[in-house]
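Printed here is final-v8.txt (compact mmCIF, C-alpha atoms):
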# COMPACT_ATOMS: atom_id res chain seq x y z
CA MET A 276 6.21 45.02 43.73
CA ALA A 277 3.98 42.30 42.28
CA ASN A 278 5.30 39.73 39.83
CA ALA A 279 3.19 38.85 36.81
CA GLN A 280 1.32 35.53 36.91
CA GLY A 281 0.48 33.68 33.71
CA VAL A 282 -3.05 32.77 34.83
CA LYS A 283 -3.82 36.46 35.43
CA ARG A 284 -2.37 37.58 32.10
CA LYS A 285 -4.95 38.64 29.51
CA ILE A 286 -4.17 38.36 25.81
CA LYS A 287 -6.57 40.32 23.60
CA ARG A 288 -6.85 41.16 19.93
CA VAL A 289 -9.09 43.23 17.72
CA LYS A 290 -9.29 43.40 13.96
CA GLN A 291 -7.74 46.53 12.49
CA ALA A 292 -8.80 47.57 8.98
CA ILE A 293 -6.20 50.26 8.29
CA GLN A 294 -2.46 50.12 8.95
CA GLY A 295 -1.28 52.86 11.28
CA THR A 296 -4.65 53.22 13.00
CA PRO A 297 -4.70 50.97 16.11
CA VAL A 298 -8.15 49.95 17.32
CA THR A 299 -9.10 50.23 20.99
CA ALA A 300 -12.70 48.92 21.02
CA GLY A 301 -14.27 45.57 20.18
CA SER A 302 -11.45 43.28 21.33
CA GLN A 303 -11.75 39.65 22.41
CA LEU A 304 -9.86 37.60 24.97
CA ILE A 305 -7.90 34.78 23.36
CA ARG A 306 -7.60 31.16 24.51
CA ARG A 307 -4.07 29.87 24.29
CA THR A 308 -1.55 27.37 25.48
CA SER A 309 1.18 29.97 25.00
CA PHE A 310 1.63 33.53 23.75
CA THR A 311 4.91 35.31 23.17
CA MET A 312 5.38 38.69 21.52
CA GLY A 313 8.29 41.07 21.60
CA LYS A 314 10.19 43.87 19.93
CA ALA A 315 13.29 42.92 17.96
CA SER A 316 15.85 45.47 16.82
CA ASP A 317 18.65 45.28 14.32
CA THR A 318 21.89 45.98 16.16
CA TYR A 319 25.27 46.86 14.75
CA GLU A 320 28.59 46.29 16.44
CA ASN A 321 30.76 49.39 16.57
CA ASN A 322 33.69 47.83 14.77
CA GLU A 323 36.23 50.42 15.78
CA ILE A 324 39.86 49.85 16.65
CA VAL A 325 40.80 52.01 19.62
CA ASP A 326 43.95 52.09 21.70
CA HIS A 327 42.06 50.97 24.83
CA GLN A 328 41.42 47.68 22.96
CA GLN A 329 37.78 47.44 24.10
CA SER A 330 34.41 47.44 22.37
CA THR A 331 32.71 50.82 22.10
CA GLY A 332 29.33 49.08 22.07
CA GLN A 333 26.49 48.53 19.64
CA THR A 334 24.03 50.80 17.87
CA GLU A 335 20.30 50.08 17.56
CA GLY A 336 18.89 50.18 14.05
CA THR A 337 15.39 49.53 12.75
CA TYR A 338 12.96 47.42 14.72
CA SER A 339 9.80 45.33 14.26
CA THR A 340 7.74 42.99 16.43
CA SER A 341 7.14 39.28 16.19
CA GLY A 342 5.44 36.61 18.22
CA LYS A 343 3.70 33.27 18.36
CA LEU A 344 0.21 32.24 19.46
CA ASP A 345 -0.17 28.55 20.29
CA GLY A 346 -3.50 26.93 21.07
CA LEU A 347 -5.69 23.86 20.94
CA LEU A 348 -7.80 23.78 17.79
CA SER A 349 -11.48 24.42 18.42
CA PRO A 350 -14.41 25.74 16.32
CA ALA A 351 -14.82 29.54 16.03
CA THR A 352 -11.75 30.34 18.14
CA TYR A 353 -9.17 31.21 15.50
CA VAL A 354 -11.36 32.19 12.54
CA PRO A 355 -9.95 35.77 12.45
CA GLU A 356 -6.38 34.45 12.34
CA PHE A 357 -7.14 32.14 9.42
CA GLU A 358 -9.02 34.94 7.62
CA ASN A 359 -5.97 37.18 7.95
CA LEU A 360 -3.53 34.50 6.82
CA LEU A 361 -5.62 33.33 3.83
CA ARG A 362 -6.58 36.92 2.88
CA LYS A 363 -10.31 36.31 2.74
CA ASP A 364 -13.24 36.78 5.11
CA ALA A 365 -15.16 33.65 6.04
CA ALA A 366 -18.14 33.07 3.74
CA ALA A 367 -21.32 31.05 4.22
CA THR A 368 -22.95 28.81 1.63
CA ALA A 369 -26.63 29.63 1.36
CA ALA A 370 -28.95 26.90 2.61
CA LEU A 371 -30.57 24.78 -0.11
CA ALA A 372 -34.34 24.27 0.00
CA GLY A 373 -37.29 22.99 -1.97
CA MET A 374 -35.58 19.88 -3.36
CA SER A 375 -36.88 16.38 -3.97
CA ILE A 376 -34.21 14.22 -2.30
CA THR A 377 -33.54 10.48 -2.52
CA ILE A 378 -30.93 8.70 -0.37
CA ALA A 379 -29.43 5.43 -1.61
CA ALA A 380 -26.50 3.18 -0.77
CA ALA A 381 -23.44 3.33 -3.06
CA GLY A 382 -20.99 0.66 -1.95
CA GLN A 383 -19.35 1.86 1.27
CA ALA A 384 -20.75 5.37 0.68
CA TRP A 385 -24.19 6.92 0.08
CA THR A 386 -25.74 9.14 -2.56
CA ILE A 387 -27.99 12.12 -2.03
CA SER A 388 -29.80 12.73 -5.31
CA ARG A 389 -32.07 15.61 -6.25
CA ALA A 390 -34.69 15.55 -8.99
CA ALA A 391 -33.91 19.00 -10.39
CA GLY A 392 -31.59 21.96 -9.93
CA SER A 393 -27.86 21.75 -9.34
CA PHE A 394 -25.70 21.17 -6.27
CA LEU A 395 -22.81 22.73 -8.20
CA THR A 396 -24.71 25.93 -8.96
CA ASP A 397 -25.85 26.05 -5.33
CA GLY A 398 -22.23 26.09 -4.18
CA VAL A 399 -21.69 22.64 -2.63
CA LYS A 400 -18.04 21.58 -2.94
CA GLN A 401 -16.14 18.33 -2.64
CA PHE A 402 -15.18 17.70 1.01
CA ASP A 403 -17.83 20.02 2.41
CA LEU A 404 -19.55 18.67 5.49
CA VAL A 405 -23.30 18.96 4.93
CA ARG A 406 -26.46 18.20 6.90
CA LEU A 407 -30.07 17.34 5.99
CA PRO A 408 -32.26 19.37 8.37
CA THR A 409 -35.73 18.60 7.00
CA ALA A 410 -38.04 17.00 9.55
CA ALA A 411 -39.38 14.44 7.06
CA PHE A 412 -36.04 12.62 6.86
CA ASN A 413 -35.50 9.43 8.83
CA ALA A 414 -33.84 10.15 12.18
CA ALA A 415 -30.73 8.25 11.01
CA ASN A 416 -30.34 10.73 8.13
CA LYS A 417 -31.47 14.00 9.69
CA ASP A 418 -28.98 16.60 11.00
CA LYS A 419 -26.00 14.28 10.56
CA ASN A 420 -22.53 15.42 9.45
CA LEU A 421 -22.04 14.00 5.95
CA LEU A 422 -18.71 14.38 4.17
CA VAL A 423 -19.12 15.05 0.45
CA THR A 424 -16.53 13.00 -1.45
CA ALA A 425 -17.92 13.74 -4.91
CA VAL A 426 -20.40 16.27 -6.28
CA THR A 427 -22.27 16.55 -9.58
CA ALA A 428 -25.23 18.70 -10.52
CA LEU A 429 -27.80 16.13 -9.36
CA ALA A 430 -25.94 13.95 -6.83
CA LEU A 431 -23.64 14.05 -3.84
CA THR A 432 -21.60 11.05 -2.74
CA VAL A 433 -21.26 11.22 1.04
CA ILE A 434 -19.74 9.42 4.01
CA PRO A 435 -21.33 9.79 7.47
CA LEU A 436 -18.57 11.34 9.58
CA ASN A 437 -19.45 9.32 12.69
CA GLY A 438 -19.50 6.06 10.72
CA ALA A 439 -23.16 5.27 11.41
CA ALA A 440 -25.05 4.09 8.31
CA LEU A 441 -27.76 6.12 6.63
CA VAL A 442 -31.17 4.71 5.75
CA PRO A 443 -32.25 4.56 2.09
CA GLU A 444 -35.37 6.65 1.55
CA GLY A 445 -37.10 9.07 -0.75
CA PRO A 446 -38.00 10.95 -2.63
CA ILE A 447 -38.51 13.41 0.23
CA ALA A 448 -40.35 16.50 -1.02
CA ALA A 449 -39.49 20.09 -0.11
CA ALA A 450 -36.20 18.91 1.38
CA GLY A 451 -33.34 21.13 2.47
CA LEU A 452 -29.56 20.78 2.83
CA THR A 453 -27.12 23.00 4.69
CA VAL A 454 -23.36 23.55 4.68
CA PRO A 455 -22.84 24.41 8.37
CA GLY A 456 -20.85 27.43 9.43
CA LYS A 457 -18.56 29.28 7.06
CA LYS A 458 -15.55 28.55 4.88
CA ILE A 459 -12.27 30.39 4.37
CA TRP A 460 -10.03 29.90 1.36
CA VAL A 461 -7.37 31.80 -0.55
CA PRO A 462 -9.23 33.65 -3.31
CA THR A 463 -7.95 34.19 -6.84
CA SER A 464 -8.82 37.90 -6.63
CA GLY A 465 -10.20 40.45 -4.17
CA HIS A 466 -7.74 39.54 -1.42
CA THR A 467 -8.24 41.29 1.91
CA ASP A 468 -5.40 43.19 3.56
CA THR A 469 -6.20 43.61 7.25
CA PHE A 470 -4.29 43.81 10.53
CA PHE A 471 -4.70 43.21 14.26
CA THR A 472 -4.06 45.27 17.35
CA TRP A 473 -2.90 42.94 20.15
CA GLU A 474 -2.55 43.73 23.85
CA ASP A 475 -0.60 41.73 26.42
CA TRP A 476 -2.09 42.93 29.73
CA SER A 477 -0.73 41.88 33.14
CA PRO A 478 -3.00 43.55 35.73
CA ASP A 479 -0.90 42.41 38.69
CA VAL A 480 2.13 44.53 37.65
CA PRO A 481 0.37 46.52 36.03
CA SER A 482 1.80 46.27 32.51
CA SER A 483 0.36 46.88 29.06
CA LYS A 484 2.17 46.00 25.85
CA VAL A 485 0.22 47.03 22.75
CA TYR A 486 1.20 45.72 19.32
CA PRO A 487 -0.59 47.40 16.38
CA ASP A 488 -0.35 46.57 12.67
CA VAL A 489 0.08 42.84 13.24
CA LYS A 490 -0.41 40.27 10.50
CA VAL A 491 -0.52 36.48 10.71
CA GLY A 492 2.54 35.23 8.86
CA ALA A 493 2.08 31.46 9.12
CA ALA A 494 0.10 28.68 10.78
CA GLN A 495 1.00 25.13 11.68
CA ILE A 496 -1.82 22.65 12.34
CA THR A 497 -0.77 19.43 14.05
CA ILE A 498 -2.98 16.35 14.32
CA PRO A 499 -1.47 13.65 16.54
CA ALA A 500 -2.76 10.13 17.00
CA THR A 501 -2.88 10.75 20.74
CA GLY A 502 -3.36 14.20 22.19
CA ASN A 503 -5.22 17.29 21.06
CA PRO A 504 -5.06 18.88 17.61
CA THR A 505 -3.06 22.09 17.93
CA VAL A 506 -2.46 25.26 15.97
CA SER A 507 0.47 27.66 16.11
CA PHE A 508 0.38 31.12 14.48
CA ASP A 509 3.39 33.28 13.67
CA LEU A 510 2.62 36.97 14.23
CA VAL A 511 4.42 39.80 12.43
CA GLY A 512 4.09 43.43 13.58
CA LEU A 513 5.76 46.79 13.25
CA SER A 514 5.84 48.56 16.62
CA ARG A 515 5.02 48.40 20.32
CA THR A 516 3.74 50.75 23.01
CA LEU A 517 4.43 50.18 26.72
CA GLY A 518 2.27 51.51 29.54
CA THR A 519 0.67 50.83 32.90
CA ALA A 520 -2.98 51.34 31.85
CA GLU A 521 -5.10 48.78 30.04
CA ILE A 522 -5.83 49.90 26.46
CA LEU A 523 -8.19 47.24 25.04
CA THR A 524 -10.76 47.56 27.80
CA ALA A 525 -14.04 45.62 28.08
CA PRO A 526 -13.05 42.73 25.79
CA THR A 527 -15.62 40.10 24.92
CA ALA A 528 -15.11 36.69 26.50
CA ALA A 529 -12.95 34.05 24.90
CA THR A 530 -14.77 31.32 22.99
CA THR A 531 -15.95 28.33 24.99
CA THR A 532 -16.23 25.82 22.14
CA ALA A 533 -15.02 22.27 22.72
CA VAL A 534 -11.53 21.26 21.62
CA LEU A 535 -11.50 19.09 18.50
CA SER A 536 -10.93 15.35 18.89
CA ASP A 537 -8.50 13.60 16.56
CA ALA A 538 -9.83 10.25 17.82
CA VAL A 539 -12.97 10.70 15.70
CA ALA A 540 -11.35 12.56 12.77
CA LYS A 541 -11.05 11.13 9.26
CA VAL A 542 -8.29 11.60 6.72
CA ILE A 543 -9.17 11.38 3.04
CA VAL A 544 -6.39 11.00 0.48
CA GLY A 545 -7.85 11.15 -3.01
CA ASN A 546 -11.27 9.65 -2.35
CA THR A 547 -10.08 7.01 0.12
CA ILE A 548 -10.27 7.08 3.91
CA THR A 549 -6.63 6.63 4.94
CA PRO A 550 -5.62 5.76 8.52
CA ILE A 551 -2.68 7.91 9.65
CA THR A 552 -0.63 8.16 12.83
CA SER A 553 -0.04 11.91 12.60
CA GLY A 554 -0.50 14.87 10.30
CA THR A 555 1.02 18.34 10.05
CA ILE A 556 -0.08 21.15 7.74
CA ASN A 557 2.08 24.25 7.40
CA ILE A 558 0.55 27.35 5.81
CA THR A 559 2.88 30.27 5.19
CA GLY A 560 1.90 33.70 3.95
CA ASN A 561 5.55 34.71 3.51
CA VAL A 562 4.83 37.90 5.46
CA GLY A 563 7.65 40.01 6.83
CA PRO A 564 8.41 43.58 7.89
CA GLY A 565 9.08 45.99 5.03
CA GLU A 566 12.39 47.49 4.00
CA ALA A 567 14.25 49.78 6.38
CA GLU A 568 14.47 53.46 5.48
CA VAL A 569 17.07 56.06 6.43
CA GLY A 570 15.74 58.39 9.10
CA SER A 571 13.26 55.97 10.65
CA GLN A 572 13.69 53.17 13.15
CA ALA A 573 10.18 51.86 12.50
CA ARG A 574 9.31 49.83 9.42
CA SER A 575 6.66 51.53 7.31
CA GLY A 576 4.77 48.39 6.30
CA HIS A 577 4.75 44.67 5.58
CA GLN A 578 6.01 42.67 2.65
CA LEU A 579 3.63 39.98 1.36
CA GLY A 580 4.68 36.89 -0.55
CA ARG A 581 2.70 34.09 -2.13
CA ILE A 582 0.85 31.68 0.12
CA GLY A 583 2.39 28.22 0.29
CA VAL A 584 1.30 24.99 1.99
CA THR A 585 3.20 21.85 2.90
CA VAL A 586 1.81 18.68 4.43
CA SER A 587 3.38 15.75 6.24
CA ILE A 588 1.52 12.59 7.21
CA THR A 589 2.75 9.43 8.88
CA ALA A 590 0.98 6.10 8.51
CA LYS A 591 1.50 2.44 9.28
CA PHE A 592 3.20 0.82 6.31
CA GLY A 593 0.64 -1.72 5.13
CA SER A 594 0.56 -1.14 1.38
CA LEU A 595 2.25 0.72 -1.45
CA THR A 596 -0.74 3.01 -2.04
CA LEU A 597 0.85 6.22 -0.76
CA ALA A 598 4.26 5.29 -2.12
CA GLN A 599 2.70 4.74 -5.55
CA ILE A 600 1.08 8.17 -5.42
CA ARG A 601 4.52 9.61 -4.73
CA GLU A 602 6.13 7.44 -7.43
CA ASN A 603 3.66 8.50 -10.12
CA GLN A 604 3.57 12.13 -8.96
CA ASN A 605 -0.20 11.95 -8.92
CA ILE A 606 -1.96 15.10 -7.79
CA VAL A 607 -4.37 14.12 -5.01
CA ALA A 608 -6.71 15.95 -2.68
CA ILE A 609 -6.25 15.63 1.09
CA ALA A 610 -9.14 16.42 3.41
CA ILE A 611 -9.18 16.18 7.20
CA PRO A 612 -12.54 16.74 8.93
CA ILE A 613 -12.11 16.92 12.72
CA PRO A 614 -15.22 16.97 14.94
CA VAL A 615 -15.31 17.70 18.65
CA ASP A 616 -16.76 14.25 19.41
CA GLY A 617 -18.48 11.28 17.81
CA THR A 618 -22.06 12.53 17.89
CA ALA A 619 -23.94 12.76 14.60
CA ASN A 620 -24.03 16.55 14.40
CA ALA A 621 -20.87 17.43 16.31
CA GLU A 622 -19.27 20.82 15.66
CA PHE A 623 -16.14 20.55 13.54
CA VAL A 624 -13.33 22.08 11.54
CA THR A 625 -12.38 20.63 8.14
CA ILE A 626 -9.08 21.31 6.39
CA VAL A 627 -8.98 20.71 2.62
CA LEU A 628 -5.96 20.72 0.30
CA PRO A 629 -7.47 20.23 -3.19
CA ALA A 630 -4.19 19.48 -5.00
CA VAL A 631 -1.14 17.88 -3.35
CA LYS A 632 1.99 16.19 -4.68
CA LEU A 633 3.94 13.84 -2.40
CA PHE A 634 7.73 13.99 -2.64
CA THR A 635 8.93 11.53 0.04
CA ASP A 636 7.84 8.06 1.17
CA ASP A 637 10.42 7.15 3.81
CA THR A 638 9.87 4.28 6.25
CA ASP A 639 11.47 3.77 9.64
CA ASP A 640 12.70 0.51 11.20
CA GLY A 641 12.77 -1.34 14.51
CA GLU A 642 11.02 -4.00 16.54
CA LYS A 643 7.65 -2.36 16.04
CA GLU A 644 5.08 -1.54 13.39
CA ILE A 645 6.81 0.17 10.49
CA ILE A 646 5.78 3.80 9.96
CA GLY A 647 5.98 5.62 6.64
CA THR A 648 6.44 9.39 6.38
CA TYR A 649 4.95 11.13 3.36
CA ASN A 650 5.81 14.79 2.79
CA GLY A 651 4.11 16.85 0.12
CA THR A 652 3.45 20.31 -1.24
CA ALA A 653 0.06 21.76 -2.06
CA GLN A 654 -0.61 23.85 -5.13
CA ILE A 655 -3.49 25.77 -6.65
CA PRO A 656 -5.63 23.35 -8.69
CA ALA A 657 -5.91 23.91 -12.42
CA THR A 658 -9.66 24.55 -12.22
CA GLY A 659 -12.22 25.51 -9.62
CA GLY A 660 -14.64 28.23 -8.65
CA ALA A 661 -18.33 29.00 -8.90
CA ALA A 662 -20.51 26.10 -10.12
CA LEU A 663 -17.50 23.75 -10.05
CA ALA A 664 -16.75 20.92 -7.64
CA ASN A 665 -13.96 22.71 -5.77
CA HIS A 666 -12.63 26.14 -4.92
CA GLN A 667 -9.60 27.16 -6.95
CA THR A 668 -7.45 27.51 -3.88
CA ILE A 669 -4.40 25.98 -2.30
CA VAL A 670 -6.19 25.41 1.02
CA SER A 671 -9.65 25.89 2.51
CA LEU A 672 -11.18 25.50 5.96
CA GLN A 673 -14.78 24.92 6.99
CA ASP A 674 -15.66 25.89 10.56
CA SER A 675 -19.13 24.85 11.68
CA MET A 676 -19.37 27.69 14.22
CA ALA A 677 -17.79 30.52 12.22

Rewrite the structure from the file as structure tokens, please.
Amino acid sequence: MANAQGVKRKIKRVKQAIQGTPVTAGSQLIRRTSFTMGKASDTYENNEIVDHQQSTGQTEGTYSTSGKLDGLLSPATYVPEFENLLRKDAAATAALAGMSITIAAAGQAWTISRAAGSFLTDGVKQFDLVRLPTAAFNAANKDKNLLVTAVTALALTVIPLNGAALVPEGPIAAAGLTVPGKKIWVPTSGHTDTFFTWEDWSPDVPSSKVYPDVKVGAAQITIPATGNPTVSFDLVGLSRTLGTAEILTAPTAATTTAVLSDAVAKVIVGNTITPITSGTINITGNVGPGEAEVGSQARSGHQLGRIGVTVSITAKFGSLTLAQIRENQNIVAIAIPIPVDGTANAEFVTIVLPAVKLFTDDTDDGEKEIIGTYNGTAQIPATGGAALANHQTIVSLQDSMA
């Protein structure tokens, strides 16, 4: 009898549009650092008093499934998981064209100004990463990741993500601007309600464990000062089928995109680049199995709660800036663009929390540099939406390869 080997194990998932209808075609192999999934049952002790003075055992009640997918954060890889958690399909911003563009210095930042039209109407948002693809631009400006820190109808204030200066020029006629990839955010209406079918296939046993009707219940994104950015998803399902034949056959290959690099990431608090020593973002969908019903061991559905987000950052204690934000209960935006490397047009993922309140500003002690810990909670901003500078959402992600 063969024993299962982790390197031979194949974890696959496919999007499932309707609960109760598992999907068997169109799956994809999933990159991971770890995957666990299992069936958990409610059990009840038989609390009987009998003259033999021994337990008469336990009874199995209703069951559900739960698991965890851990991985290194990379573009394109976990877009379906974030779509499921945030209850919206990824959406692209249409490329802008036919503009007259002028680039000018603005202190430590740069402005991209247009002669007519509106960046707001065209859908550019604060903390988007944008690029200027038009051939007529100077090579120092063309196809470079530019972080938008402010947006008005006629001007964007931007910071080159790789730190290399732009070159003032313009006006450049018939110029274009793109917002690479797609974005995912929690919408204010029209929320999606989809599922996954997962298979844990060990060909060396052989063993197939199929988990239909799975939702993503939560995600934790961790950005260390040293090491790789990671993501951990909590998975919530309803049932499981065991077998010896592979069910999700002919899956597409796992993504091969590069792992993101925190060494070249930036953290923006408010409109200020803020050096940090670590960051953690927790997104919870408050998803759980539905209520148990008499006559059925299986749960009939999921329960959905409101989406919540918490953030924790640590930083060297060199000023009272973050403490003052906490003291005044200022609502600030936090944006973390993370590219795969330091090249001008590197692929990337950006995480944006448009409205955050900090509630702690603790500092540690010792014969070392003092580190402050700042914990906060995100909330839906008061305004946002079409033709405004931000989405009205608690969190959004931009993935350049989605």

Distance criterion (only C-alpha atoms): nearest to A:Leu422 out of A:Gly660, A:Pro499, A:Pro612, A:Gly313: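 With only C-alpha atoms as the atom set, the closest residue is A:Pro612.
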
Length of the atom CA of A:Leu421 to atom CA of A:Leu404 vector [Å]: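 Separation of atom CA of A:Leu421 and atom CA of A:Leu404: 5.3 Å.
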
Counting all atoms listed in the file, the residue of A:Thr453, A:Gln572, A:Thr409, A:Asn561 that sits nearest A:Ala367: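 The shortest atom-to-atom distance to A:Ala367 comes from A:Thr453.
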
Residue neighbourhood stretch 532-542 of chain A, 7 Å, all atoms listed in the file, exclusion window fewer than 6 positions, as a list in words: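 Everything that qualifies: Leu347, Leu348, Ser349, Pro350, Ile498, Ala500, Asn503, Pro504, Ile548, Thr549, Pro550, Ala610, Ile611, Pro612, Ile613, Pro614, Val615, Asp616, Gly617 and Phe623 of chain A.
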
Among listed residues A:Ile556, A:Ala370, A:Ala520, A:Ala619, nearest A:Val506 (using only C-alpha atoms):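 Looking at the shortest contact to A:Val506, the residue is A:Ile556.
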
Who sits within 10 Å of A:Asn359, only C-alpha atoms, same chain under 3 positions skipped, as a list in words: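 Result of the neighbour search: Lys290, Val354, Pro355, Glu356, Arg362, Lys363, Asp364, Ile459, His466, Thr467, Asp468, Thr469, Phe470, Phe471, Val489, Lys490, Val491, Gly492, Ala493 and Gly560 of chain A.
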
Go ahead and dump the residues you just picked, C-alpha atoms, as a PDB file, in the coordinates of the input.
ATOM      1  CA  LYS A 290      -9.290  43.400  13.960  1.00  0.00           C
ATOM      2  CA  VAL A 354     -11.360  32.190  12.540  1.00  0.00           C
ATOM      3  CA  PRO A 355      -9.950  35.770  12.450  1.00  0.00           C
ATOM      4  CA  GLU A 356      -6.380  34.450  12.340  1.00  0.00           C
ATOM      5  CA  ARG A 362      -6.580  36.920   2.880  1.00  0.00           C
ATOM      6  CA  LYS A 363     -10.310  36.310   2.740  1.00  0.00           C
ATOM      7  CA  ASP A 364     -13.240  36.780   5.110  1.00  0.00           C
ATOM      8  CA  ILE A 459     -12.270  30.390   4.370  1.00  0.00           C
ATOM      9  CA  HIS A 466      -7.740  39.540  -1.420  1.00  0.00           C
ATOM     10  CA  THR A 467      -8.240  41.290   1.910  1.00  0.00           C
ATOM     11  CA  ASP A 468      -5.400  43.190   3.560  1.00  0.00           C
ATOM     12  CA  THR A 469      -6.200  43.610   7.250  1.00  0.00           C
ATOM     13  CA  PHE A 470      -4.290  43.810  10.530  1.00  0.00           C
ATOM     14  CA  PHE A 471      -4.700  43.210  14.260  1.00  0.00           C
ATOM     15  CA  VAL A 489       0.080  42.840  13.240  1.00  0.00           C
ATOM     16  CA  LYS A 490      -0.410  40.270  10.500  1.00  0.00           C
ATOM     17  CA  VAL A 491      -0.520  36.480  10.710  1.00  0.00           C
ATOM     18  CA  GLY A 492       2.540  35.230   8.860  1.00  0.00           C
ATOM     19  CA  ALA A 493       2.080  31.460   9.120  1.00  0.00           C
ATOM     20  CA  GLY A 560       1.900  33.700   3.950  1.00  0.00           C
TER      21      GLY A 560
END

Of the listed residues A:Phe508, A:Phe412, A:Phe394, A:Tyr338, that which approaches A:Ser309 most closely, counting all atoms listed in the file: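 Using all atoms listed in the file, the shortest distance to A:Ser309 belongs to A:Phe508.
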
Polymer residues at most 8 Å from A:Ser507, only C-alpha atoms, same-chain spacing of 4 or more positions, as a PyMOL selection string: chain A and resi 343-346+494-496

From A:Ile600, A:Thr334, A:Pro435, A:Thr472, residue lying nearest A:Ala292 [only C-alpha atoms]: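 Closest candidate: A:Thr472.
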
Selected residue, from A:Gly647, A:Pro629, A:Pro462, A:Gly554, that lies nearest to A:Ile582 when counting all atoms listed in the file: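 With all atoms listed in the file as the atom set, the closest residue is A:Pro462.
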
Spatial neighbours of A:Thr585, max dist 7 Å, all atoms listed in the file, sep filter under 2 positions, as number ranges by chain: A: 556-558, 583, 587, 651-653

List as JSON lines every residue of stretch 364-455 of chain A that is in contact with stretch 672-675 of chain A, defined as an atom at most 9 Å from one of its atoms (using only C-alpha atoms), together with the nearest atom pair and the distance in Å rounded to one decimal, sorted by chain and then rising number.
{"residue": "A:Ala365", "atom": "CA", "partner": "A:Gln673", "partner_atom": "CA", "distance": 8.8}
{"residue": "A:Asp403", "atom": "CA", "partner": "A:Gln673", "partner_atom": "CA", "distance": 7.4}
{"residue": "A:Leu404", "atom": "CA", "partner": "A:Gln673", "partner_atom": "CA", "distance": 8.0}
{"residue": "A:Val454", "atom": "CA", "partner": "A:Ser675", "partner_atom": "CA", "distance": 8.3}
{"residue": "A:Pro455", "atom": "CA", "partner": "A:Ser675", "partner_atom": "CA", "distance": 5.0}
